[in-house]
$ cat run.txt   # compact mmCIF, C-alpha atoms
# COMPACT_ATOMS: atom_id res chain seq x y z
CA MET G 26 29.87 20.03 -14.76
CA ARG G 27 29.60 18.75 -11.18
CA ILE G 28 25.86 18.14 -11.66
CA LEU G 29 26.52 16.35 -14.96
CA ILE G 30 29.15 14.11 -13.37
CA LEU G 31 26.87 13.24 -10.43
CA CYS G 32 23.99 12.37 -12.76
CA THR G 33 26.30 10.22 -14.90
CA LEU G 34 27.56 8.32 -11.84
CA PHE G 35 24.01 7.79 -10.61
CA VAL G 36 22.77 6.45 -13.94
CA SER G 37 25.84 4.20 -14.15
CA SER G 38 25.05 2.75 -10.72
CA LEU G 39 21.51 1.93 -11.85
CA VAL G 40 22.82 0.15 -14.94
CA CYS G 41 25.18 -1.95 -12.81
CA ALA G 42 22.44 -3.05 -10.40
CA LEU G 43 19.31 -4.06 -12.27
CA ALA G 44 16.24 -5.53 -10.61
CA PRO G 45 15.92 -9.34 -10.73
CA THR G 46 14.38 -10.79 -13.88
CA PRO G 47 10.61 -11.31 -13.46
CA ALA G 48 9.57 -14.91 -12.84
CA ALA G 49 8.16 -17.12 -15.58
CA LYS G 50 4.58 -18.37 -15.56
CA GLN G 51 3.92 -21.33 -13.26
CA ASP G 52 4.27 -24.59 -15.22
CA LYS G 53 3.88 -27.26 -12.51
CA GLU G 54 1.96 -27.73 -9.29
CA VAL G 55 3.59 -26.71 -6.01
CA VAL G 56 2.58 -28.63 -2.89
CA TYR G 57 3.51 -27.69 0.69
CA HIS G 58 2.73 -29.99 3.62
CA ASN G 59 2.80 -29.46 7.41
CA ALA G 60 2.62 -25.69 7.02
CA THR G 61 1.23 -23.19 9.51
CA VAL G 62 -1.08 -21.36 7.11
CA HIS G 63 -2.17 -17.85 8.06
CA VAL G 64 -5.26 -17.51 5.87
CA GLY G 65 -5.48 -13.73 6.23
CA ASN G 66 -9.09 -13.66 7.44
CA GLY G 67 -8.27 -14.30 11.11
CA LYS G 68 -7.87 -18.07 10.81
CA VAL G 69 -4.70 -20.14 11.29
CA MET G 70 -4.38 -23.70 10.01
CA LYS G 71 -1.54 -25.63 11.68
CA GLY G 72 -0.01 -28.61 9.92
CA ALA G 73 -2.05 -27.99 6.78
CA THR G 74 -1.41 -28.70 3.12
CA ILE G 75 -1.52 -25.92 0.55
CA ALA G 76 -1.12 -26.53 -3.17
CA PHE G 77 -1.39 -24.31 -6.23
CA SER G 78 -1.21 -24.70 -9.99
CA ASP G 79 -1.78 -22.38 -12.97
CA GLY G 80 -1.39 -19.47 -10.56
CA LYS G 81 -4.39 -20.43 -8.39
CA ILE G 82 -4.67 -22.19 -5.04
CA SER G 83 -5.99 -25.66 -5.82
CA ARG G 84 -5.96 -27.33 -2.39
CA LEU G 85 -5.93 -26.07 1.18
CA GLY G 86 -6.68 -28.09 4.27
CA TYR G 87 -5.95 -31.51 5.76
CA PHE G 88 -5.68 -34.47 3.38
CA LYS G 89 -4.65 -38.10 3.74
CA MET G 90 -2.54 -38.71 0.69
CA LYS G 91 0.72 -40.16 -0.44
CA TRP G 92 3.40 -37.53 -0.72
CA MET G 93 4.96 -37.06 -4.15
CA PRO G 94 8.75 -36.69 -4.42
CA THR G 95 8.31 -33.03 -5.39
CA ASP G 96 6.15 -32.19 -2.36
CA ILE G 97 7.81 -29.97 0.26
CA ASP G 98 7.64 -30.42 4.04
CA LEU G 99 7.19 -27.07 5.78
CA LYS G 100 7.12 -28.30 9.35
CA GLY G 101 7.77 -25.33 11.66
CA LYS G 102 7.43 -22.80 8.83
CA HIS G 103 4.65 -20.33 8.01
CA VAL G 104 2.70 -19.46 4.87
CA TYR G 105 1.18 -15.97 4.51
CA PRO G 106 -0.81 -14.16 1.83
CA GLY G 107 1.28 -11.49 0.13
CA PHE G 108 1.22 -8.16 1.98
CA ILE G 109 -0.51 -5.29 0.16
CA LEU G 110 0.91 -1.75 0.35
CA PRO G 111 -1.71 0.96 -0.35
CA VAL G 112 -1.21 4.68 -1.00
CA THR G 113 2.50 4.49 -1.73
CA ARG G 114 5.13 6.24 -3.84
CA VAL G 115 6.93 2.97 -4.59
CA GLY G 116 7.83 2.84 -8.28
CA LEU G 117 7.24 6.57 -8.64
CA THR G 118 10.29 7.79 -6.75
CA GLU G 119 13.74 6.29 -6.27
CA VAL G 120 16.09 8.67 -4.45
CA ASP G 121 14.50 11.60 -2.65
CA ALA G 122 17.66 13.68 -2.99
CA VAL G 123 17.82 13.25 -6.79
CA LYS G 124 15.00 15.16 -8.47
CA ALA G 125 15.37 13.28 -11.76
CA THR G 126 14.25 10.06 -10.05
CA ILE G 127 11.04 11.56 -8.58
CA ASP G 128 7.90 11.31 -10.69
CA ASP G 129 5.05 11.29 -8.19
CA LYS G 130 3.36 14.65 -8.78
CA GLU G 131 2.60 17.20 -11.47
CA VAL G 132 2.62 20.99 -11.52
CA GLY G 133 -0.61 22.65 -10.49
CA GLN G 134 -3.36 22.03 -7.96
CA MET G 135 -6.02 20.19 -9.99
CA ASN G 136 -4.71 17.10 -11.75
CA PRO G 137 -7.43 14.41 -11.60
CA ASN G 138 -6.41 13.12 -15.03
CA VAL G 139 -2.80 12.34 -14.05
CA ARG G 140 -2.21 8.56 -14.20
CA SER G 141 0.41 7.16 -11.85
CA ILE G 142 0.52 3.82 -13.65
CA VAL G 143 2.32 5.15 -16.74
CA ALA G 144 5.14 6.44 -14.50
CA PHE G 145 5.47 3.20 -12.51
CA ASN G 146 9.06 1.96 -12.72
CA THR G 147 9.20 -1.83 -12.52
CA ASP G 148 13.02 -1.69 -12.44
CA SER G 149 13.12 0.28 -9.19
CA GLU G 150 15.79 -0.97 -6.81
CA ILE G 151 13.40 -0.41 -3.92
CA ILE G 152 10.89 -2.99 -5.16
CA PRO G 153 13.12 -6.07 -4.50
CA THR G 154 13.55 -4.96 -0.89
CA LEU G 155 9.76 -5.01 -0.49
CA LYS G 156 9.38 -8.48 -1.99
CA PHE G 157 12.12 -9.78 0.32
CA ASN G 158 9.88 -8.82 3.27
CA GLY G 159 6.64 -10.17 1.81
CA VAL G 160 5.14 -7.03 0.23
CA LEU G 161 3.95 -8.35 -3.14
CA LEU G 162 1.18 -5.93 -4.20
CA ALA G 163 1.05 -2.14 -4.08
CA GLN G 164 -1.01 0.90 -5.02
CA PRO G 165 1.29 3.56 -6.56
CA THR G 166 -0.37 6.86 -5.79
CA PRO G 167 0.36 10.41 -7.00
CA ARG G 168 0.63 13.21 -4.47
CA GLY G 169 0.62 16.99 -4.31
CA GLY G 170 -1.93 19.67 -5.10
CA LEU G 171 -5.59 19.53 -4.17
CA VAL G 172 -6.50 16.69 -6.54
CA SER G 173 -3.38 14.62 -7.13
CA GLY G 174 -4.57 12.20 -9.81
CA LEU G 175 -5.30 8.51 -10.29
CA SER G 176 -3.71 5.59 -8.48
CA SER G 177 -3.49 2.01 -9.79
CA ILE G 178 -2.95 -1.42 -8.23
CA VAL G 179 0.06 -3.46 -9.30
CA GLN G 180 1.94 -6.67 -8.57
CA LEU G 181 5.63 -6.16 -7.90
CA ASP G 182 7.27 -8.61 -10.30
CA ALA G 183 6.89 -7.41 -13.87
CA TRP G 184 8.76 -6.34 -16.99
CA ASN G 185 6.76 -3.14 -17.46
CA TRP G 186 3.76 -1.29 -16.09
CA GLN G 187 1.41 -3.06 -18.48
CA ASP G 188 2.46 -6.44 -17.05
CA ALA G 189 2.36 -5.11 -13.49
CA ALA G 190 -1.15 -3.63 -13.61
CA ILE G 191 -3.92 -5.47 -11.76
CA VAL G 192 -6.40 -2.57 -11.76
CA THR G 193 -5.63 0.67 -13.58
CA ASP G 194 -6.92 4.06 -12.47
CA ASP G 195 -8.82 2.62 -9.51
CA ALA G 196 -9.21 5.85 -7.51
CA VAL G 197 -8.90 9.62 -7.64
CA HIS G 198 -7.02 11.17 -4.71
CA VAL G 199 -8.15 14.40 -3.05
CA ASN G 200 -6.12 16.34 -0.48
CA TRP G 201 -8.83 18.10 1.52
CA PRO G 202 -7.59 21.48 2.83
CA SER G 203 -7.69 22.52 6.45
CA ALA G 204 -8.56 25.94 7.86
CA MET G 205 -5.31 25.86 9.82
CA ARG G 206 -1.96 24.69 8.52
CA PRO G 207 1.47 24.00 10.01
CA LYS G 208 4.28 26.46 9.31
CA PHE G 209 7.93 26.11 10.23
CA ASP G 210 9.23 29.00 12.31
CA MET G 211 12.87 29.64 11.35
CA ALA G 212 13.38 31.82 14.42
CA THR G 213 12.58 29.05 16.89
CA PHE G 214 13.04 25.98 14.65
CA THR G 215 9.59 24.74 15.63
CA LEU G 216 6.30 24.12 13.88
CA LYS G 217 3.47 26.48 14.62
CA THR G 218 -0.13 26.52 13.40
CA VAL G 219 -1.26 29.44 11.26
CA LYS G 220 -4.46 30.31 9.40
CA ASN G 221 -4.76 28.97 5.86
CA LYS G 222 -5.53 32.13 3.89
CA ASN G 223 -6.48 30.16 0.77
CA TYR G 224 -8.79 27.75 2.58
CA HIS G 225 -12.11 28.82 1.03
CA LYS G 226 -10.60 29.20 -2.44
CA GLN G 227 -9.19 25.67 -2.24
CA LEU G 228 -12.51 24.25 -1.06
CA ASN G 229 -14.35 25.92 -3.92
CA GLU G 230 -11.90 24.55 -6.48
CA ILE G 231 -12.40 20.96 -5.31
CA LYS G 232 -16.18 21.29 -5.03
CA SER G 233 -16.48 22.94 -8.44
CA LEU G 234 -14.51 20.14 -10.11
CA PHE G 235 -16.74 17.37 -8.77
CA GLU G 236 -20.00 19.27 -9.20
CA GLU G 237 -19.16 20.11 -12.82
CA ALA G 238 -18.12 16.52 -13.51
CA LYS G 239 -21.44 15.24 -12.19
CA LEU G 240 -23.37 17.58 -14.48
CA GLU G 241 -21.14 17.06 -17.52
CA THR G 242 -23.14 15.77 -20.52
CA SER G 243 -21.19 17.27 -23.42
CA ASP G 244 -19.62 15.00 -26.01
CA ALA G 245 -16.56 17.27 -26.04
CA LYS G 246 -13.83 15.52 -24.06
CA ASN G 247 -12.73 17.40 -20.96
CA ILE G 248 -10.03 15.09 -19.57
CA LYS G 249 -10.24 16.46 -16.03
CA LEU G 250 -13.99 16.02 -15.78
CA ALA G 251 -13.77 12.64 -17.51
CA ALA G 252 -11.32 11.44 -14.85
CA VAL G 253 -13.74 12.43 -12.06
CA LYS G 254 -17.07 11.36 -13.56
CA PRO G 255 -16.70 7.57 -12.85
CA VAL G 256 -16.86 8.24 -9.09
CA PHE G 257 -20.60 8.88 -9.48
CA SER G 258 -21.23 5.48 -11.09
CA GLY G 259 -19.11 3.63 -8.53
CA THR G 260 -16.50 2.46 -11.06
CA ARG G 261 -13.85 4.66 -9.47
CA LYS G 262 -13.23 5.39 -5.80
CA VAL G 263 -12.52 8.70 -4.10
CA TYR G 264 -9.68 8.71 -1.57
CA ILE G 265 -9.90 11.59 0.88
CA HIS G 266 -6.55 12.54 2.39
CA ALA G 267 -7.29 14.49 5.57
CA ASN G 268 -6.00 14.44 9.12
CA LYS G 269 -7.99 17.11 10.92
CA PRO G 270 -11.37 16.23 12.48
CA LYS G 271 -13.18 19.19 10.88
CA ALA G 272 -11.66 18.48 7.46
CA ILE G 273 -12.63 14.81 7.70
CA ILE G 274 -16.26 15.67 8.47
CA GLU G 275 -16.43 18.33 5.74
CA ALA G 276 -14.93 16.07 3.11
CA ILE G 277 -17.10 13.03 3.85
CA ASN G 278 -20.25 15.13 3.99
CA PHE G 279 -19.45 16.79 0.66
CA PHE G 280 -18.73 13.58 -1.23
CA LYS G 281 -21.81 11.92 0.26
CA GLU G 282 -23.95 14.86 -0.82
CA VAL G 283 -22.48 15.08 -4.30
CA GLY G 284 -23.12 11.38 -4.90
CA ALA G 285 -19.71 9.67 -4.80
CA GLN G 286 -20.46 5.95 -4.53
CA SER G 287 -17.25 4.64 -2.92
CA ILE G 288 -15.24 6.74 -0.47
CA VAL G 289 -12.05 5.84 1.40
CA LEU G 290 -10.44 7.99 4.09
CA VAL G 291 -6.65 8.19 4.42
CA ALA G 292 -5.81 9.62 7.83
CA GLY G 293 -3.70 9.35 10.95
CA GLN G 294 -4.39 10.32 14.55
CA GLY G 295 -6.70 13.11 13.39
CA VAL G 296 -9.48 10.56 12.89
CA LEU G 297 -9.65 9.66 16.59
CA PRO G 298 -12.11 12.41 17.71
CA VAL G 299 -14.52 11.56 14.85
CA ILE G 300 -14.51 7.76 14.95
CA ASP G 301 -18.26 7.61 15.60
CA PHE G 302 -18.96 9.90 12.65
CA VAL G 303 -16.76 7.81 10.32
CA LYS G 304 -18.45 4.60 11.43
CA GLN G 305 -21.92 6.03 10.91
CA ALA G 306 -20.89 7.20 7.44
CA GLY G 307 -19.73 3.65 6.61
CA ILE G 308 -16.30 4.77 5.43
CA ALA G 309 -13.25 2.49 5.31
CA VAL G 310 -10.03 4.01 6.65
CA ILE G 311 -6.40 3.56 5.59
CA VAL G 312 -4.25 4.57 8.55
CA SER G 313 -0.96 6.24 7.70
CA GLY G 314 1.68 7.22 10.24
CA VAL G 315 1.49 4.49 12.87
CA HIS G 316 5.02 5.27 14.04
CA THR G 317 4.46 8.94 14.82
CA THR G 318 4.52 11.02 17.96
CA PRO G 319 1.24 12.27 19.50
CA GLN G 320 -0.44 14.90 17.35
CA ARG G 321 -1.62 16.96 20.34
CA LYS G 322 -0.25 17.54 23.82
CA ASP G 323 -3.31 15.98 25.45
CA MET G 324 -2.93 12.70 23.56
CA SER G 325 -1.47 9.49 24.93
CA VAL G 326 2.13 8.75 24.02
CA ASP G 327 0.95 5.66 22.10
CA ALA G 328 -1.76 7.49 20.10
CA GLY G 329 -0.13 6.68 16.76
CA TYR G 330 0.27 3.01 17.63
CA THR G 331 -3.33 2.55 18.74
CA THR G 332 -5.26 4.60 16.14
CA ALA G 333 -5.88 1.62 13.86
CA ILE G 334 -6.76 -0.56 16.86
CA LYS G 335 -9.46 1.87 18.03
CA LEU G 336 -10.90 2.05 14.52
CA GLN G 337 -10.98 -1.74 14.29
CA GLN G 338 -12.63 -2.04 17.71
CA ALA G 339 -15.28 0.43 16.57
CA GLY G 340 -16.19 -1.89 13.69
CA ILE G 341 -14.59 0.19 10.92
CA LEU G 342 -12.82 -1.56 8.04
CA VAL G 343 -9.20 -0.48 8.49
CA ALA G 344 -5.95 -1.06 6.62
CA LEU G 345 -2.40 0.23 7.01
CA ALA G 346 -0.29 2.38 4.73
CA TYR G 347 3.33 3.12 5.50
CA GLN G 348 4.25 6.48 7.03
CA GLY G 349 2.71 8.86 4.52
CA GLY G 350 3.74 6.88 1.45
CA MET G 351 7.48 6.85 2.23
CA THR G 352 9.32 4.54 -0.16
CA MET G 353 12.60 3.57 1.47
CA GLY G 354 10.98 2.14 4.60
CA SER G 355 7.97 0.55 2.92
CA ARG G 356 9.54 -2.87 3.33
CA ASN G 357 8.63 -2.53 7.01
CA LEU G 358 4.88 -2.69 6.38
CA GLY G 359 4.64 -6.08 8.09
CA PHE G 360 6.44 -4.80 11.17
CA THR G 361 4.07 -1.83 11.31
CA ALA G 362 1.22 -4.33 11.59
CA GLY G 363 3.31 -6.08 14.24
CA THR G 364 3.24 -2.86 16.26
CA LEU G 365 -0.55 -3.13 16.44
CA ALA G 366 -0.16 -6.64 17.83
CA ALA G 367 2.31 -5.36 20.41
CA TYR G 368 -0.25 -2.79 21.56
CA GLY G 369 -3.13 -5.18 22.07
CA LEU G 370 -4.59 -6.22 18.71
CA ASP G 371 -4.83 -9.95 18.02
CA LYS G 372 -1.96 -10.93 15.73
CA GLU G 373 -4.21 -12.39 13.04
CA GLN G 374 -6.35 -9.25 13.11
CA ALA G 375 -3.17 -7.21 12.71
CA LEU G 376 -2.31 -9.36 9.68
CA GLN G 377 -5.70 -8.54 8.18
CA THR G 378 -4.82 -4.82 8.13
CA ILE G 379 -2.17 -5.52 5.46
CA THR G 380 -3.89 -8.39 3.63
CA SER G 381 -7.65 -9.07 3.49
CA ASN G 382 -8.80 -5.67 4.77
CA THR G 383 -6.59 -3.88 2.26
CA ALA G 384 -7.82 -6.12 -0.54
CA LYS G 385 -11.43 -5.33 0.35
CA ILE G 386 -10.79 -1.58 0.40
CA LEU G 387 -8.95 -1.73 -2.93
CA GLY G 388 -11.65 -3.95 -4.43
CA ILE G 389 -9.34 -6.88 -5.29
CA ASP G 390 -10.48 -9.30 -2.58
CA LYS G 391 -11.99 -11.67 -5.16
CA ASN G 392 -8.46 -12.80 -6.05
CA TYR G 393 -6.07 -11.46 -3.39
CA GLY G 394 -5.76 -10.85 0.33
CA THR G 395 -6.51 -14.33 1.68
CA LEU G 396 -5.39 -17.90 1.03
CA GLU G 397 -8.46 -19.69 -0.27
CA VAL G 398 -9.08 -22.27 -2.98
CA GLY G 399 -9.61 -20.55 -6.31
CA LYS G 400 -7.80 -17.37 -5.35
CA SER G 401 -4.46 -16.22 -6.70
CA ALA G 402 -1.40 -18.01 -5.34
CA THR G 403 0.18 -14.75 -4.20
CA LEU G 404 1.90 -15.80 -1.00
CA PHE G 405 5.20 -16.37 0.73
CA VAL G 406 6.86 -18.83 3.07
CA SER G 407 8.61 -17.50 6.18
CA LEU G 408 10.75 -19.28 8.74
CA GLY G 409 8.86 -17.53 11.54
CA ASP G 410 6.40 -14.78 12.44
CA ALA G 411 6.25 -12.45 9.44
CA LEU G 412 5.10 -9.52 11.61
CA ASP G 413 8.31 -9.71 13.64
CA MET G 414 11.75 -8.71 12.35
CA LYS G 415 13.38 -11.80 13.84
CA GLY G 416 10.86 -14.16 12.29
CA ASN G 417 10.33 -12.55 8.89
CA ILE G 418 12.88 -14.62 6.95
CA LEU G 419 11.48 -15.55 3.56
CA ILE G 420 12.55 -18.74 1.82
CA ASP G 421 9.97 -18.66 -1.01
CA ALA G 422 7.55 -16.13 -2.48
CA TYR G 423 5.03 -16.33 -5.31
CA ILE G 424 2.90 -13.90 -7.29
CA ASP G 425 0.10 -15.61 -9.22
CA GLY G 426 1.99 -18.88 -8.74
CA ARG G 427 5.22 -17.54 -10.24
CA LYS G 428 8.19 -18.24 -8.00
CA LEU G 429 10.07 -14.98 -7.35
CA ASN G 430 13.78 -14.33 -7.32
CA LEU G 431 14.23 -12.74 -3.89
CA ASP G 432 17.79 -11.61 -4.49
CA SER G 433 18.51 -7.91 -4.77
CA ARG G 434 21.47 -5.57 -4.59
CA GLN G 435 21.45 -5.87 -0.80
CA GLN G 436 21.77 -9.66 -0.87
CA GLU G 437 24.49 -9.35 -3.51
CA LEU G 438 26.49 -6.97 -1.32
CA ASN G 439 25.94 -9.21 1.71
CA GLN G 440 27.37 -12.22 -0.12
CA ARG G 441 30.28 -10.21 -1.48
CA TYR G 442 31.43 -9.05 1.94
CA LEU G 443 30.73 -12.38 3.60
CA LYS G 444 33.28 -13.85 1.22
CA LYS G 445 35.77 -11.10 2.05
CA TYR G 446 35.30 -10.87 5.82
CA GLY G 447 33.15 -13.82 6.79
CA LYS G 448 34.02 -17.45 7.36

$ encode --input "run.txt" --output "structure tokens"
Amino acid sequence: MRILILCTLFVSSLVCALAPTPAAKQDKEVVYHNATVHVGNGKVMKGATIAFSDGKISRLGYFKMKWMPTDIDLKGKHVYPGFILPVTRVGLTEVDAVKATIDDKEVGQMNPNVRSIVAFNTDSEIIPTLKFNGVLLAQPTPRGGLVSGLSSIVQLDAWNWQDAAIVTDDAVHVNWPSAMRPKFDMATFTLKTVKNKNYHKQLNEIKSLFEEAKLETSDAKNIKLAAVKPVFSGTRKVYIHANKPKAIIEAINFFKEVGAQSIVLVAGQGVLPVIDFVKQAGIAVIVSGVHTTPQRKDMSVDAGYTTAIKLQQAGILVALAYQGGMTMGSRNLGFTAGTLAAYGLDKEQALQTITSNTAKILGIDKNYGTLEVGKSATLFVSLGDALDMKGNILIDAYIDGRKLNLDSRQQELNQRYLKKYGK
């Protein structure tokens, strides 16, 4: 009965606090003047004009023209491309402590056919908190097992997953095993490293799946092999999740040998010893876990903060994910990029790790990631520096030219208690 009551209260709370209604299609041109436009490719245009209509950027630059009454002066304010959040559980999980709200993994080890997009919850209360901080696109990604399933790319203002989808089933995600694994010691309450007894069995399962899929010619539909087969034609990417140097080398070598056409590595500090190998292999890297402590005792205290910087300096295409796909803190993606700027990366290059670089890795850079004429008007206006908590104060945001409602339950509560306790 206690469980039933708790579930009833939780569902009631969701009913009382729905996500904002998705914005209507853009029906008139929007023109901003005097804006500091952060293009997303390393360039900044101060005092520029940016205009968009029918969901596309129509003008960007410096023009001598008579202002229309509807034009908006953005002097002192900043325009940014919408931030893109890759490899995330947003929309797949709501409250980590309530199992009924978690739908990010399936039972079993080999699930290449599992589609995250059909589980994506556009009414998640977490999504408005992301939009309020400029995160407008995301890649909901399944987790768990050896082969987790298929991710998709979505925009974060939609009625349902069909409306949200930009690219469906863009990549299959593989969790490459390591010969050693961490184990929590209850006696000392510390983590220790132990041998992975199932290491070779796990490797064989992954290799067999991809090798069989490559050789599959039967007309009989095997849904697992069918989910993997597009990686050999280049129509679907392979994301390798690995954070041990040996595992990274093994995984990249295997997928190169088997003929995967597009490979992306998702890693943290474990990539540092093999940067040269990754560069030579021509692999893009999504760095997860910027705000983590050093992985080894001989590492610098700022190893987590500088991993992406060292990859970028080596000439590797690098983007940022948020702390292993955590949902509640994903709104802080922009501030994670700000950490890179604090540790030596040029601020516009830091911006690229959550905009243009991410768009290139995801394969959506034709329409998203930078502010350029002809591209989608997916952008936001901030009072200050969007990579800094004090400056990231949004006054407007748009997805495909549709003006978003940035209110959420948090803003509602803020206004309620300002009326009660504020002036």

$ atom_distance --input "run.txt" --atom1 "atom CA of Asp195 of chain G" --atom2 "atom CA of Lys246 of chain G"
20.1 Å

$ residues_around --input "run.txt" --residues "segment 151-155 of chain G" --least-positions-apart "5" --cutoff "7 Å" --atoms "all atoms listed in the file" --output "number ranges by chain"
G: 44, 160, 181, 353, 355-356, 431, 433

$ closest_atom_pairs --input "run.txt" --of "segment 98-215 of chain G" --to "segment 68-72 of chain G" --cutoff "9 Å" --atoms "only C-alpha atoms" --output "CSV"
residue,atom,partner,partner_atom,distance
G:Leu99,CA,G:Gly72,CA,8.4
G:Lys100,CA,G:Gly72,CA,7.2
G:Gly101,CA,G:Gly72,CA,8.6
G:His103,CA,G:Lys71,CA,8.9

$ residues_near_point --input "run.txt" --point "(-1.6, -22.6, 3.4)" --cutoff "8 Å" --atoms "only C-alpha atoms" --output "list in words"
Tyr57, Ala60, Thr61, Val62, His63, Val64, Met70, Ala73, Thr74, Ile75, Ala76, Leu85, Gly86, Val104, Tyr105 and Leu396 of chain G

$ residues_around --input "run.txt" --residues "segment 206-213 of chain G" --least-positions-apart "4" --cutoff "10 Å" --atoms "only C-alpha atoms" --output "PDB file with C-alpha atoms, in the frame of the given file"
ATOM      1  CA  PRO G 202      -7.590  21.480   2.830  1.00  0.00           C
ATOM      2  CA  LYS G 217       3.470  26.480  14.620  1.00  0.00           C
ATOM      3  CA  THR G 218      -0.130  26.520  13.400  1.00  0.00           C
ATOM      4  CA  VAL G 219      -1.260  29.440  11.260  1.00  0.00           C
ATOM      5  CA  LYS G 220      -4.460  30.310   9.400  1.00  0.00           C
ATOM      6  CA  ASN G 221      -4.760  28.970   5.860  1.00  0.00           C
ATOM      7  CA  LYS G 222      -5.530  32.130   3.890  1.00  0.00           C
ATOM      8  CA  TYR G 224      -8.790  27.750   2.580  1.00  0.00           C
ATOM      9  CA  LYS G 269      -7.990  17.110  10.920  1.00  0.00           C
TER      10      LYS G 269
END

$ atom_distance --input "run.txt" --atom1 "atom CA of Lys281 of chain G" --atom2 "atom CA of Ala306 of chain G"
8.6 Å

$ closest_residue --input "run.txt" --among "G:Pro111, G:Pro47, G:Pro270, G:Pro137" --to "Lys254 of chain G" --atoms "all atoms listed in the file"
G:Pro137

$ residues_around --input "run.txt" --residues "Thr113 of chain G" --least-positions-apart "6" --cutoff "8 Å" --atoms "all atoms listed in the file" --output "ChimeraX atom specification"
/G:163-166,346-347,349-352

$ atom_distance --input "run.txt" --atom1 "atom CA of Lys50 of chain G" --atom2 "atom CA of Ala411 of chain G"
25.7 Å

$ closest_residue --input "run.txt" --among "G:Ala309, G:Leu438, G:Leu443, G:Val55" --to "Gly388 of chain G" --atoms "only C-alpha atoms"
G:Ala309

$ closest_residue --input "run.txt" --among "G:Thr193, G:Gln320, G:Leu387, G:Asn59" --to "Ile288 of chain G" --atoms "all atoms listed in the file"
G:Leu387

$ residues_around --input "run.txt" --residues "Asp128 of chain G" --least-positions-apart "3" --cutoff "8 Å" --atoms "all atoms listed in the file" --output "short mmCIF file (atom, residue, chain, number, x, y, z; two decimals) with C-alpha atoms, keeping the file's coordinate frame"
data_model
loop_
_atom_site.label_atom_id
_atom_site.label_comp_id
_atom_site.auth_asym_id
_atom_site.auth_seq_id
_atom_site.Cartn_x
_atom_site.Cartn_y
_atom_site.Cartn_z
CA LEU G 117 7.24 6.57 -8.64
CA THR G 118 10.29 7.79 -6.75
CA ALA G 125 15.37 13.28 -11.76
CA GLU G 131 2.60 17.20 -11.47
CA ALA G 144 5.14 6.44 -14.50
#

$ closest_residue --input "run.txt" --among "G:Met90, G:Lys262, G:Ala238, G:Asn223" --to "Asp194 of chain G" --atoms "only C-alpha atoms"
G:Lys262

$ axis_aligned_box --input "run.txt" --around "segment 107-123 of chain G" --padding-each-side "4 Å" --output "JSON"
{"center_x": 8.1, "center_y": 1.1, "center_z": -3.3, "size_x": 27.5, "size_y": 33.2, "size_z": 18.6}

$ closest_residue --input "run.txt" --among "G:Gln286, G:Asn200, G:Thr95, G:Asn430" --to "His266 of chain G" --atoms "only C-alpha atoms"
G:Asn200

$ closest_residue --input "run.txt" --among "G:Leu365, G:Ile127, G:Ile191, G:Leu216" --to "Ser401 of chain G" --atoms "only C-alpha atoms"
G:Ile191

$ residues_near_point --input "run.txt" --point "(-12.3, -1.7, 18.9)" --cutoff "12 Å" --atoms "all atoms listed in the file" --output "PyMOL selection string"
chain G and resi 297+300-301+304+331-343+369-371+374

$ residues_around --input "run.txt" --residues "Gln227 of chain G" --least-positions-apart "5" --cutoff "12 Å" --atoms "all atoms listed in the file" --output "ChimeraX atom specification"
/G:134-135,170-172,199-204,221-222,232-234

$ decode --input "run.txt" --residues "segment 81-89 of chain G" --atoms "N, CA and C atoms" --output "PDB file, in the first residue's frame"
ATOM      1  N   LYS G  81      14.606  29.441 -41.063  1.00  0.00           N
ATOM      2  CA  LYS G  81      15.976  29.483 -41.557  1.00  0.00           C
ATOM      3  C   LYS G  81      16.574  30.880 -41.383  1.00  0.00           C
ATOM      4  N   ILE G  82      17.879  30.924 -41.168  1.00  0.00           N
ATOM      5  CA  ILE G  82      18.566  32.216 -41.074  1.00  0.00           C
ATOM      6  C   ILE G  82      18.630  32.826 -42.470  1.00  0.00           C
ATOM      7  N   SER G  83      18.076  34.032 -42.598  1.00  0.00           N
ATOM      8  CA  SER G  83      17.981  34.679 -43.911  1.00  0.00           C
ATOM      9  C   SER G  83      19.036  35.763 -44.112  1.00  0.00           C
ATOM     10  N   ARG G  84      19.470  36.393 -43.022  1.00  0.00           N
ATOM     11  CA  ARG G  84      20.484  37.447 -43.113  1.00  0.00           C
ATOM     12  C   ARG G  84      21.406  37.372 -41.912  1.00  0.00           C
ATOM     13  N   LEU G  85      22.684  37.591 -42.136  1.00  0.00           N
ATOM     14  CA  LEU G  85      23.650  37.649 -41.042  1.00  0.00           C
ATOM     15  C   LEU G  85      24.839  38.484 -41.503  1.00  0.00           C
ATOM     16  N   GLY G  86      25.093  39.560 -40.794  1.00  0.00           N
ATOM     17  CA  GLY G  86      26.224  40.401 -41.167  1.00  0.00           C
ATOM     18  C   GLY G  86      25.982  41.847 -40.804  1.00  0.00           C
ATOM     19  N   TYR G  87      26.540  42.762 -41.611  1.00  0.00           N
ATOM     20  CA  TYR G  87      26.422  44.191 -41.351  1.00  0.00           C
ATOM     21  C   TYR G  87      25.721  44.840 -42.545  1.00  0.00           C
ATOM     22  N   PHE G  88      24.567  45.458 -42.303  1.00  0.00           N
ATOM     23  CA  PHE G  88      23.763  46.021 -43.373  1.00  0.00           C
ATOM     24  C   PHE G  88      23.353  47.447 -43.024  1.00  0.00           C
ATOM     25  N   LYS G  89      23.359  48.301 -44.044  1.00  0.00           N
ATOM     26  CA  LYS G  89      22.836  49.654 -43.890  1.00  0.00           C
ATOM     27  C   LYS G  89      21.388  49.644 -44.357  1.00  0.00           C
TER      28      LYS G  89
END
